[in-house]
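A.B. asks: Data: protein-v9.cif, mmCIF, C-alpha atoms and all ligand atoms.
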```cif
data_start
loop_
_atom_site.label_atom_id
_atom_site.label_comp_id
_atom_site.auth_asym_id
_atom_site.auth_seq_id
_atom_site.Cartn_x
_atom_site.Cartn_y
_atom_site.Cartn_z
CA MET A 1 87.02 93.57 72.99
CA SER A 2 88.17 91.67 69.89
CA GLU A 3 85.73 90.54 67.19
CA THR A 4 86.15 86.90 68.21
CA ALA A 5 85.39 87.75 71.83
CA LYS A 6 82.25 89.57 70.69
CA SER A 7 81.07 86.64 68.63
CA ARG A 8 81.78 84.28 71.54
CA ALA A 9 79.67 86.56 73.75
CA ALA A 10 76.83 86.63 71.22
CA GLU A 11 76.85 82.85 70.72
CA LEU A 12 76.87 82.23 74.46
CA SER A 13 73.25 83.33 74.74
CA HIS A 14 72.17 80.76 72.14
CA LEU A 15 74.40 77.80 72.95
CA ARG A 16 71.62 75.70 74.38
CA SER A 17 69.22 76.26 71.51
CA ARG A 18 71.43 74.26 69.14
CA ASP A 19 70.05 71.07 70.71
CA PHE A 20 66.47 72.19 71.37
CA ALA A 21 63.47 70.00 70.71
CA SER A 22 60.11 71.73 70.30
CA GLY A 23 58.72 72.67 73.71
CA ASP A 24 62.06 72.68 75.56
CA PRO A 25 62.48 75.45 78.13
CA ILE A 26 64.67 78.28 76.83
CA PRO A 27 66.44 78.89 80.16
CA LEU A 28 68.48 76.10 81.73
CA PRO A 29 66.46 73.63 83.84
CA LEU A 30 67.97 72.84 87.22
CA THR A 31 68.55 69.11 87.78
CA MET A 32 68.70 68.33 91.48
CA ALA A 33 69.47 64.60 91.43
CA SER A 34 71.93 62.25 93.09
CA ILE A 35 70.64 59.20 91.21
CA PHE A 36 69.36 58.62 87.68
CA HIS A 37 67.24 55.96 85.96
CA THR A 38 69.76 53.28 84.95
CA PRO A 39 68.12 49.92 84.12
CA GLY A 40 70.37 47.16 82.77
CA VAL A 41 74.03 47.96 82.18
CA GLY A 42 73.29 51.69 82.46
CA THR A 43 76.49 52.96 80.84
CA GLY A 44 76.74 56.08 78.71
CA VAL A 45 74.13 57.90 80.78
CA ASP A 46 74.16 59.78 84.05
CA GLN A 47 74.29 57.33 86.91
CA TYR A 48 75.32 59.02 90.10
CA GLY A 49 75.68 62.65 91.11
CA ARG A 50 79.35 62.51 92.09
CA TYR A 51 80.32 61.65 88.51
CA ASP A 52 78.20 64.01 86.47
CA ASN A 53 75.08 66.12 86.41
CA PRO A 54 73.24 67.80 83.49
CA THR A 55 73.46 71.23 85.17
CA TRP A 56 77.24 70.96 85.57
CA ARG A 57 77.49 69.93 81.94
CA ALA A 58 75.59 73.04 80.88
CA VAL A 59 77.79 75.42 82.87
CA GLU A 60 80.94 73.59 81.74
CA HIS A 61 79.75 73.81 78.14
CA ALA A 62 79.17 77.55 78.50
CA LEU A 63 82.54 78.12 80.22
CA GLY A 64 84.21 75.89 77.63
CA HIS A 65 82.69 78.00 74.86
CA LEU A 66 84.28 81.11 76.39
CA GLU A 67 87.63 79.45 77.10
CA ASP A 68 87.73 77.58 73.79
CA ALA A 69 88.72 74.57 75.87
CA GLN A 70 87.28 71.77 77.97
CA CYS A 71 86.22 72.84 81.44
CA VAL A 72 85.73 71.01 84.72
CA SER A 73 83.75 72.83 87.41
CA PHE A 74 84.43 72.87 91.15
CA PRO A 75 82.67 74.09 94.30
CA SER A 76 85.20 76.94 94.75
CA GLY A 77 88.24 78.52 93.18
CA MET A 78 90.45 76.69 95.67
CA GLY A 79 88.69 73.44 94.76
CA ALA A 80 89.77 74.03 91.15
CA ILE A 81 93.34 74.94 92.11
CA SER A 82 93.75 72.01 94.49
CA SER A 83 92.43 69.57 91.86
CA VAL A 84 95.22 70.68 89.52
CA PHE A 85 97.85 70.16 92.23
CA PHE A 86 96.57 66.85 93.54
CA ALA A 87 95.65 65.34 90.16
CA LEU A 88 98.92 66.26 88.41
CA LEU A 89 101.73 66.37 90.98
CA LYS A 90 103.69 63.55 92.57
CA SER A 91 106.35 63.20 95.21
CA GLY A 92 109.68 64.66 94.09
CA ASP A 93 108.11 67.31 91.84
CA ARG A 94 108.98 70.99 92.14
CA VAL A 95 106.39 73.73 91.76
CA LEU A 96 106.84 77.47 91.42
CA LEU A 97 104.17 79.88 92.70
CA PRO A 98 103.79 83.65 92.80
CA ALA A 99 105.09 85.18 96.05
CA ASP A 100 102.48 87.93 95.78
CA GLY A 101 99.38 86.13 94.53
CA TYR A 102 96.27 84.81 96.26
CA HIS A 103 97.44 83.74 99.74
CA ALA A 104 95.49 80.46 100.00
CA THR A 105 97.26 79.00 96.95
CA ARG A 106 100.63 79.44 98.69
CA ALA A 107 99.31 78.32 102.04
CA MET A 108 97.85 75.12 100.55
CA ALA A 109 101.14 74.29 98.84
CA GLU A 110 103.07 74.93 102.03
CA ARG A 111 100.77 72.94 104.30
CA PHE A 112 99.65 70.09 102.06
CA LEU A 113 102.06 69.67 99.13
CA LYS A 114 105.33 69.99 101.05
CA PRO A 115 104.57 67.10 103.42
CA LEU A 116 103.98 64.90 100.32
CA GLY A 117 107.55 65.56 99.18
CA ILE A 118 106.73 68.28 96.65
CA THR A 119 109.08 71.27 96.72
CA CYS A 120 107.32 74.64 96.56
CA ASP A 121 109.21 77.80 95.63
CA THR A 122 107.88 81.30 95.16
CA ARG A 123 108.89 84.27 93.03
CA PRO A 124 107.51 87.82 92.71
CA THR A 125 105.20 88.41 89.73
CA PRO A 126 107.02 91.43 88.21
CA THR A 127 110.29 89.45 87.87
CA PHE A 128 108.77 86.01 87.38
CA LEU A 129 110.90 85.16 84.32
CA ASP A 130 114.18 85.79 86.18
CA GLY A 131 115.95 82.60 87.12
CA GLY A 132 114.33 80.38 84.47
CA PHE A 133 112.24 77.28 85.11
CA LYS A 134 114.71 74.39 85.12
CA GLY A 135 113.47 71.52 87.24
CA TYR A 136 109.91 72.80 87.70
CA SER A 137 107.20 70.38 86.63
CA LEU A 138 104.43 72.90 87.34
CA VAL A 139 104.65 76.67 87.22
CA PHE A 140 101.72 78.72 88.45
CA VAL A 141 101.18 82.43 87.78
CA GLU A 142 98.50 84.92 88.61
CA THR A 143 98.36 87.95 86.33
CA PRO A 144 97.40 90.61 87.23
CA SER A 145 98.40 89.48 90.71
CA ASN A 146 95.96 89.96 93.54
CA PRO A 147 96.17 92.45 95.28
CA ARG A 148 99.07 94.50 93.86
CA LEU A 149 98.09 94.15 90.18
CA ASP A 150 101.53 93.34 88.86
CA ILE A 151 101.72 91.53 85.55
CA CYS A 152 103.92 88.85 84.06
CA ASP A 153 104.38 87.86 80.41
CA ILE A 154 102.27 84.73 79.85
CA SER A 155 103.63 83.77 76.44
CA ALA A 156 107.29 84.29 77.40
CA ILE A 157 106.79 82.24 80.57
CA ALA A 158 104.87 79.49 78.73
CA LYS A 159 107.67 79.17 76.19
CA ALA A 160 110.40 79.05 78.85
CA VAL A 161 108.47 76.57 81.01
CA HIS A 162 107.80 74.27 78.03
CA GLU A 163 111.47 74.32 77.06
CA GLN A 164 112.18 72.82 80.48
CA GLY A 165 109.43 70.22 80.15
CA GLY A 166 107.02 71.81 82.65
CA ILE A 167 103.41 72.95 82.42
CA LEU A 168 102.08 76.44 83.01
CA VAL A 169 98.95 77.12 85.04
CA VAL A 170 97.42 80.62 85.01
CA ASP A 171 94.97 81.83 87.65
CA ASN A 172 92.74 84.04 85.50
CA THR A 173 90.29 85.00 88.26
CA THR A 174 90.85 88.74 88.07
CA MET A 175 90.29 88.87 84.29
CA THR A 176 87.64 86.26 83.31
CA PRO A 177 87.71 84.75 79.78
CA PHE A 178 86.51 88.10 78.41
CA GLY A 179 89.51 89.99 79.76
CA GLN A 180 92.42 87.65 79.11
CA ARG A 181 92.92 84.32 77.32
CA PRO A 182 95.99 82.61 78.79
CA LEU A 183 95.46 79.39 76.78
CA ASP A 184 95.86 81.41 73.57
CA PHE A 185 99.25 82.56 74.90
CA GLY A 186 100.46 79.01 75.47
CA ALA A 187 99.35 78.27 79.04
CA ASP A 188 98.39 74.62 79.57
CA ILE A 189 95.75 75.22 82.21
CA VAL A 190 93.54 78.09 83.33
CA VAL A 191 92.07 78.06 86.82
CA SER A 192 89.44 80.55 87.90
CA ALA A 193 87.55 81.47 91.05
CA ASP A 194 84.13 81.96 89.46
CA THR A 195 83.04 83.08 92.92
CA LYS A 196 84.23 86.49 91.74
CA ALA A 197 83.24 88.21 88.47
CA VAL A 198 82.09 85.14 86.55
CA ASN A 199 79.17 84.51 88.89
CA GLY A 200 79.27 88.18 89.76
CA HIS A 201 76.42 88.37 92.27
CA SER A 202 78.36 87.52 95.44
CA ASP A 203 75.99 84.66 96.29
CA VAL A 204 77.94 81.55 95.27
CA LEU A 205 81.39 80.00 95.53
CA PHE A 206 82.48 78.22 92.36
CA GLY A 207 85.53 77.51 90.24
CA HIS A 208 86.72 75.88 87.07
CA VAL A 209 89.72 74.31 85.40
CA ALA A 210 90.08 74.85 81.64
CA SER A 211 92.54 73.09 79.36
CA ARG A 212 92.96 72.08 75.72
CA ALA A 213 94.95 68.97 76.73
CA PRO A 214 92.63 65.95 76.99
CA ASP A 215 94.97 64.07 79.38
CA ILE A 216 94.92 67.00 81.83
CA ILE A 217 91.12 67.24 81.68
CA SER A 218 90.78 63.52 82.19
CA LYS A 219 93.04 63.50 85.28
CA VAL A 220 91.27 66.51 86.82
CA THR A 221 87.84 64.97 86.11
CA ASP A 222 88.94 61.68 87.70
CA TRP A 223 90.27 63.53 90.71
CA ARG A 224 86.95 65.30 91.17
CA ALA A 225 84.99 62.05 90.93
CA MET A 226 87.28 60.23 93.38
CA ALA A 227 87.92 63.04 95.86
CA GLY A 228 84.28 64.09 95.84
CA GLY A 229 84.89 67.84 95.73
CA ILE A 230 81.92 68.41 93.45
CA PRO A 231 79.83 71.52 92.82
CA GLY A 232 76.19 71.54 93.86
CA PRO A 233 73.75 71.61 90.92
CA PHE A 234 72.04 74.74 92.25
CA GLU A 235 75.36 76.60 92.45
CA ALA A 236 76.14 75.46 88.90
CA TRP A 237 72.75 76.76 87.80
CA LEU A 238 73.38 80.15 89.43
CA VAL A 239 76.79 80.44 87.77
CA HIS A 240 75.22 79.56 84.41
CA ARG A 241 72.78 82.37 84.98
CA GLY A 242 75.58 84.73 85.98
CA LEU A 243 77.48 83.85 82.81
CA GLU A 244 74.59 85.11 80.71
CA THR A 245 75.34 88.68 81.81
CA LEU A 246 79.11 88.38 82.28
CA GLU A 247 80.02 90.27 79.14
CA VAL A 248 77.70 93.18 79.97
CA ARG A 249 78.82 93.39 83.60
CA PHE A 250 82.50 92.99 82.82
CA ASP A 251 82.33 95.63 80.11
CA ARG A 252 80.69 98.14 82.47
CA MET A 253 83.04 97.33 85.34
CA CYS A 254 86.20 97.65 83.21
CA SER A 255 85.04 100.89 81.56
CA SER A 256 84.13 102.43 84.91
CA ALA A 257 87.46 101.29 86.39
CA GLU A 258 89.32 103.09 83.58
CA THR A 259 87.46 106.33 84.37
CA ILE A 260 87.81 106.01 88.12
CA ALA A 261 91.51 105.04 88.08
CA GLN A 262 92.29 108.11 86.01
CA ARG A 263 90.47 110.38 88.45
CA LEU A 264 91.79 108.67 91.59
CA LYS A 265 95.31 109.21 90.36
CA GLU A 266 94.67 112.96 90.33
CA HIS A 267 93.23 113.02 93.86
CA ARG A 268 95.50 114.48 96.55
CA ALA A 269 94.67 111.77 99.11
CA VAL A 270 95.75 108.91 96.85
CA ARG A 271 99.26 107.58 96.33
CA GLY A 272 100.81 104.45 94.87
CA LEU A 273 97.86 103.90 92.55
CA ARG A 274 98.08 100.77 90.42
CA PHE A 275 95.82 100.04 87.46
CA PRO A 276 97.17 98.23 84.40
CA GLY A 277 95.08 100.44 82.11
CA LEU A 278 96.84 103.67 83.06
CA ASN A 279 99.51 105.09 80.82
CA GLY A 280 102.65 105.07 82.92
CA ASP A 281 101.64 102.13 85.14
CA PRO A 282 104.59 99.69 85.29
CA SER A 283 102.24 97.00 83.91
CA HIS A 284 100.74 99.04 81.10
CA ASN A 285 102.75 97.93 78.05
CA LEU A 286 102.51 94.25 78.86
CA ALA A 287 98.83 94.69 79.75
CA ARG A 288 98.18 96.14 76.30
CA ALA A 289 99.90 93.15 74.72
CA GLN A 290 98.14 90.33 76.55
CA MET A 291 94.89 91.62 78.07
CA GLU A 292 91.68 92.34 76.15
CA ARG A 293 90.54 94.71 78.90
CA PHE A 294 92.37 96.17 81.89
CA GLY A 295 90.10 94.69 84.54
CA PHE A 296 87.98 96.22 87.28
CA LEU A 297 90.43 96.13 90.19
CA ILE A 298 92.34 99.22 91.28
CA SER A 299 94.79 99.38 94.16
CA PHE A 300 96.12 102.44 95.95
CA GLU A 301 97.39 103.68 99.28
CA LEU A 302 95.89 106.14 101.71
CA THR A 303 98.12 107.62 104.40
CA SER A 304 97.02 105.41 107.29
CA GLU A 305 94.94 102.46 108.39
CA ASP A 306 92.38 104.82 109.95
CA LYS A 307 91.99 106.92 106.82
CA ALA A 308 91.61 103.82 104.67
CA GLU A 309 88.98 102.36 107.03
CA ASP A 310 87.16 105.69 107.13
CA PHE A 311 87.19 105.96 103.32
CA ILE A 312 85.84 102.42 102.84
CA ASN A 313 83.31 102.32 105.66
CA ASN A 314 81.77 105.73 105.06
CA CYS A 315 81.42 105.77 101.31
CA PRO A 316 77.74 105.03 100.56
CA LEU A 317 78.50 103.28 97.25
CA ILE A 318 81.28 101.02 98.55
CA GLU A 319 80.62 97.80 100.42
CA ALA A 320 83.28 96.97 103.00
CA ALA A 321 83.93 93.37 102.06
CA THR A 322 86.60 90.91 101.09
CA SER A 323 86.49 89.31 97.66
CA PHE A 324 85.74 91.23 94.45
CA GLY A 325 84.04 91.09 91.08
CA GLY A 326 80.44 91.57 92.23
CA VAL A 327 77.87 94.01 90.90
CA HIS A 328 78.32 96.10 94.06
CA THR A 329 81.50 98.13 94.26
CA SER A 330 83.49 96.87 97.22
CA ALA A 331 86.81 97.56 98.87
CA GLU A 332 89.13 96.13 101.44
CA ARG A 333 92.25 97.12 103.31
CA ARG A 334 94.37 94.15 102.35
CA SER A 335 96.87 94.17 105.22
CA LYS A 336 93.87 93.12 107.31
CA ARG A 337 94.01 89.75 105.46
CA GLY A 338 97.76 89.36 105.88
CA ASP A 339 98.89 90.54 102.43
CA ALA A 340 102.35 92.10 102.56
CA VAL A 341 101.14 95.64 101.84
CA PRO A 342 101.10 98.92 103.85
CA PRO A 343 98.23 99.38 106.38
CA GLY A 344 96.56 102.06 104.22
CA PHE A 345 96.60 99.89 101.07
CA VAL A 346 93.12 99.59 99.53
CA ARG A 347 91.93 97.18 96.85
CA LEU A 348 88.90 98.59 95.11
CA SER A 349 86.64 96.35 93.04
CA VAL A 350 84.61 98.53 90.71
CA GLY A 351 81.04 97.29 90.30
CA CYS A 352 78.16 97.99 87.95
CA GLU A 353 76.83 101.26 89.41
CA PRO A 354 76.55 104.16 86.95
CA VAL A 355 80.05 105.60 86.86
CA GLU A 356 79.40 109.29 87.54
CA GLU A 357 77.34 108.51 90.65
CA LEU A 358 80.01 106.09 91.79
CA TRP A 359 82.80 108.60 91.26
CA LYS A 360 80.87 111.31 93.10
CA ALA A 361 80.55 109.04 96.16
CA ILE A 362 84.21 108.02 96.04
CA GLU A 363 85.40 111.60 95.61
CA THR A 364 83.24 112.85 98.48
CA SER A 365 84.60 110.15 100.76
CA LEU A 366 88.21 110.91 99.76
CA ASP A 367 87.70 114.67 100.18
CA ARG A 368 86.37 114.06 103.69
CA ILE A 369 89.36 112.01 104.85
CA SER A 370 91.86 114.41 103.32
CA GLY A 371 90.17 117.35 105.07
C1 LIG B 401 89.25 84.23 95.44
C2 LIG B 401 90.40 83.71 94.69
C3 LIG B 401 90.72 82.36 94.69
C4 LIG B 401 89.95 81.34 95.52
O1 LIG B 401 88.61 81.25 95.18
P1 LIG B 401 87.50 80.66 96.20
O2 LIG B 401 86.30 80.55 95.36
O3 LIG B 401 87.41 81.63 97.33
O4 LIG B 401 88.02 79.34 96.66
C5 LIG B 401 91.79 81.94 93.93
N1 LIG B 401 92.52 82.81 93.20
C6 LIG B 401 92.27 84.12 93.19
C7 LIG B 401 93.10 85.03 92.37
C8 LIG B 401 91.20 84.62 93.93
O5 LIG B 401 90.97 85.92 93.94
#
```
What would the structure in this file look like if it were written as structure tokens?
Ligand SMILES: *Cc1c(COP(=O)(O)O)cnc(C)c1O
C.D. replies:
Amino acid sequence: MSETAKSRAAELSHLRSRDFASGDPIPLPLTMASIFHTPGVGTGVDQYGRYDNPTWRAVEHALGHLEDAQCVSFPSGMGAISSVFFALLKSGDRVLLPADGYHATRAMAERFLKPLGITCDTRPTPTFLDGGFKGYSLVFVETPSNPRLDICDISAIAKAVHEQGGILVVDNTTMTPFGQRPLDFGADIVVSADTKAVNGHSDVLFGHVASRAPDIISKVTDWRAMAGGIPGPFEAWLVHRGLETLEVRFDRMCSSAETIAQRLKEHRAVRGLRFPGLNGDPSHNLARAQMERFGFLISFELTSEDKAEDFINNCPLIEAATSFGGVHTSAERRSKRGDAVPPGFVRLSVGCEPVEELWKAIETSLDRISG
């Protein structure tokens, strides 16, 4: 991790204390309130819970510190992504999405943007630059893509999109602000499903939009207030708490993933392994250039659906579950969710368990299925 990322991580723990009065609680108080004391004109203060809440402000301040940007929080990753679409797009616009990214982003565009007269095209992540960006008002990428872990060049795409007058949105869910900083590479907007590693404890759905452009933040904030897709204060409080250990968890998860990917690659049962941190992975050079860490997701293929199910369900240190980024290592056979991957394709999300114990459990489970 770079020196600036380390200082951001260190400051995060003391952000609140800058404004402390004597006797203030050190941890963040939870404000469960829909209404606030507003005698007289009552402007410039909290008035009503759909517009603002002190607990949201705290989590947005903490996320904003990590993103070096303004942040707007949402009740889910999809809430964040849809706010960007609905606040910024209008009839006649064209958008470009990854063909191989998170399925709900594509499905939402198809089902809800198209009928509004917005054209939605898709393109595979590894060749995203091919064809240019003429005519696109919004270009959306996900890098590394979920679940195949392909990568595209954020700064080259940002430059090409800007030359055509469009804006670039990056879904940074798989990396978190500690792993990759798309805004520093010229992206206009970052969206993130904080449901995953940012909260990290698999007990909350949450999301955020980050941008350094005040007009974008203002439109997205207005959309949230009008549409009413607001996060609950308790969820915001839990995410704030999760953020306090994000750097530690992410560091452990990424380091363990590096060890485990290396060893998985050598295992006879495993083929088609993808991990951007491995020398020789098609994504490796670009990953080195634009990612601070290589992430905690690994994908690979086992020979059949049955073997993949057996591996996942009978490994004592793997939870069979969708989603990723939690403290518990988890895995899923992605064709089960409709991703265009072979039936034995596994996405492994490396958690916070001690790495040698984790590897021993994974190896035992792989040895068993490969007889
Ligand atoms: C999970 C996920 C989302 C959606 O997040 P929710 O909190 O489930 O709405 C969006 N993008 C990516 C890359 C994800 O993995």
A.B. asks: Given a cut-off of 7 Å, what residues near ligand LIG 401 (chain B) show up using all atoms listed in the file, put as a list of chain:residue names?
C.D. replies: A:Ser76, A:Gly77, A:Met78, A:Gly79, A:Gly101, A:Tyr102, A:Thr105, A:Glu142, A:Asn146, A:Asp171, A:Asn172, A:Thr173, A:Thr174, A:Ser192, A:Ala193, A:Asp194, A:Thr195, A:Lys196, A:Leu205, A:Phe206, A:Gly207, A:Ser323
A.B. asks: List the spatial neighbours of Val341 (chain A) as a list in words - criterion: any atom at most 12 Å away, all atoms listed in the file, same-chain residues fewer than 5 positions off excluded.
C.D. replies: Asp100, Asn146, Pro147, Arg148, Gly272, Ser299, Phe300, Glu301, Leu302, Ser304, Glu305, Arg333, Arg334, Ser335, Lys336, Val346 and Arg347 of chain A
A.B. asks: Taking 6 positions as the minimum chain separation for residues in the same chain, which residues sit within 10 Å of Glu244 (chain A) when counting only C-alpha atoms? Answer as number ranges by chain.
C.D. replies: A: 9-10, 12-14, 62, 198-199
A.B. asks: CA of His240 (chain A) to CA of Leu30 (chain A): how many Å, to one decimal?
C.D. replies: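 So the answer is 10.3 Å.
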A.B. asks: Ranking A:Gly229, A:Pro316, A:Pro124, A:Gly49 by minimum distance to His208 (chain A) and counting only C-alpha atoms, which one comes first?
C.D. replies: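 Of A:Gly229, A:Pro316, A:Pro124, A:Gly49, the one nearest His208 (chain A) is A:Gly229, counting only C-alpha atoms.
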A.B. asks: Applying 9 Å and only C-alpha atoms, which residues near Thr125 (chain A) remain after dropping the ones on its own chain fewer than 6 positions away? List them as JSON, numbers by chain.
C.D. replies: {"A": [98, 99, 100, 101, 141, 142, 143, 144, 145, 150, 151, 152]}
A.B. asks: I'd like the neighbourhood of His162 (chain A) as a compact mmCIF listing (two decimals) with C-alpha atoms, keeping the file's coordinate frame, where a residue qualifies if any of its atoms comes within 12 Å (using only C-alpha atoms), though same-chain residues fewer than 6 positions away should be ignored.
C.D. replies:
```
# COMPACT_ATOMS: atom_id res chain seq x y z
CA GLY A 132 114.33 80.38 84.47
CA PHE A 133 112.24 77.28 85.11
CA LYS A 134 114.71 74.39 85.12
CA GLY A 135 113.47 71.52 87.24
CA TYR A 136 109.91 72.80 87.70
CA SER A 137 107.20 70.38 86.63
CA LEU A 138 104.43 72.90 87.34
CA VAL A 139 104.65 76.67 87.22
CA ILE A 154 102.27 84.73 79.85
CA SER A 155 103.63 83.77 76.44
CA ALA A 156 107.29 84.29 77.40
CA LEU A 168 102.08 76.44 83.01
CA VAL A 169 98.95 77.12 85.04
CA GLY A 186 100.46 79.01 75.47
CA ALA A 187 99.35 78.27 79.04
CA ASP A 188 98.39 74.62 79.57
```
A.B. asks: Go through A:Val72, A:Ala289, A:Met226, A:Val95 one by one, measure the shortest atom-to-atom distance of each to Phe185 (chain A) using all atoms listed in the file, and give the residue with the smallest value.
C.D. replies: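 Of A:Val72, A:Ala289, A:Met226, A:Val95, the one nearest Phe185 (chain A) is A:Ala289, counting all atoms listed in the file.
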A.B. asks: Report, in Å to a single decimal, how far apart CA of Pro75 (chain A) and CA of Thr31 (chain A) are.
C.D. replies: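 CA of Thr31 (chain A) sits 16.3 Å away from CA of Pro75 (chain A).
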A.B. asks: Of the candidates A:Phe178, A:Trp223, A:Phe250, A:Phe112, which shows the shortest atom-to-atom distance to Cys352 (chain A), using all atoms listed in the file?
C.D. replies: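 Result for the nearest residue to Cys352 (chain A): A:Phe250.
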A.B. asks: My structure is short of atoms at region 19-38 of chain A; please model N, CA and C atoms there, returning them as a tab-separated table (two decimals), in the frame of the given file.
C.D. replies:
```tsv
chain	number	residue	atom	x	y	z
A	19	ASP	N	70.57	72.45	70.50
A	19	ASP	CA	70.05	71.07	70.71
A	19	ASP	C	68.59	71.05	71.12
A	20	PHE	N	67.85	72.15	70.91
A	20	PHE	CA	66.47	72.19	71.37
A	20	PHE	C	65.55	71.27	70.59
A	21	ALA	N	64.63	70.63	71.33
A	21	ALA	CA	63.47	70.00	70.71
A	21	ALA	C	62.30	70.96	70.97
A	22	SER	N	61.26	70.86	70.14
A	22	SER	CA	60.11	71.73	70.30
A	22	SER	C	59.55	71.59	71.72
A	23	GLY	N	59.29	72.72	72.37
A	23	GLY	CA	58.72	72.67	73.71
A	23	GLY	C	59.74	72.69	74.83
A	24	ASP	N	61.03	72.62	74.51
A	24	ASP	CA	62.06	72.68	75.56
A	24	ASP	C	62.07	74.06	76.20
A	25	PRO	N	62.36	74.13	77.50
A	25	PRO	CA	62.48	75.45	78.13
A	25	PRO	C	63.69	76.19	77.57
A	26	ILE	N	63.54	77.50	77.34
A	26	ILE	CA	64.67	78.28	76.83
A	26	ILE	C	65.75	78.43	77.90
A	27	PRO	N	65.40	78.84	79.14
A	27	PRO	CA	66.44	78.89	80.16
A	27	PRO	C	66.83	77.48	80.63
A	28	LEU	N	67.95	77.40	81.30
A	28	LEU	CA	68.48	76.10	81.73
A	28	LEU	C	67.65	75.50	82.87
A	29	PRO	N	67.13	74.28	82.70
A	29	PRO	CA	66.46	73.63	83.84
A	29	PRO	C	67.49	73.22	84.89
A	30	LEU	N	67.09	73.25	86.13
A	30	LEU	CA	67.97	72.84	87.22
A	30	LEU	C	67.70	71.37	87.54
A	31	THR	N	68.73	70.53	87.47
A	31	THR	CA	68.55	69.11	87.78
A	31	THR	C	69.13	68.80	89.14
A	32	MET	N	68.26	68.71	90.15
A	32	MET	CA	68.70	68.33	91.48
A	32	MET	C	68.52	66.82	91.57
A	33	ALA	N	69.60	66.05	91.37
A	33	ALA	CA	69.47	64.60	91.43
A	33	ALA	C	70.79	63.98	91.85
A	34	SER	N	70.72	63.02	92.78
A	34	SER	CA	71.93	62.25	93.09
A	34	SER	C	71.92	60.93	92.32
A	35	ILE	N	70.73	60.47	91.95
A	35	ILE	CA	70.64	59.20	91.21
A	35	ILE	C	69.80	59.39	89.95
A	36	PHE	N	70.04	58.51	88.98
A	36	PHE	CA	69.36	58.62	87.68
A	36	PHE	C	68.83	57.24	87.28
A	37	HIS	N	67.86	57.21	86.41
A	37	HIS	CA	67.24	55.96	85.96
A	37	HIS	C	68.25	55.17	85.13
A	38	THR	N	68.72	54.04	85.64
A	38	THR	CA	69.76	53.28	84.95
A	38	THR	C	69.44	51.79	84.93
```
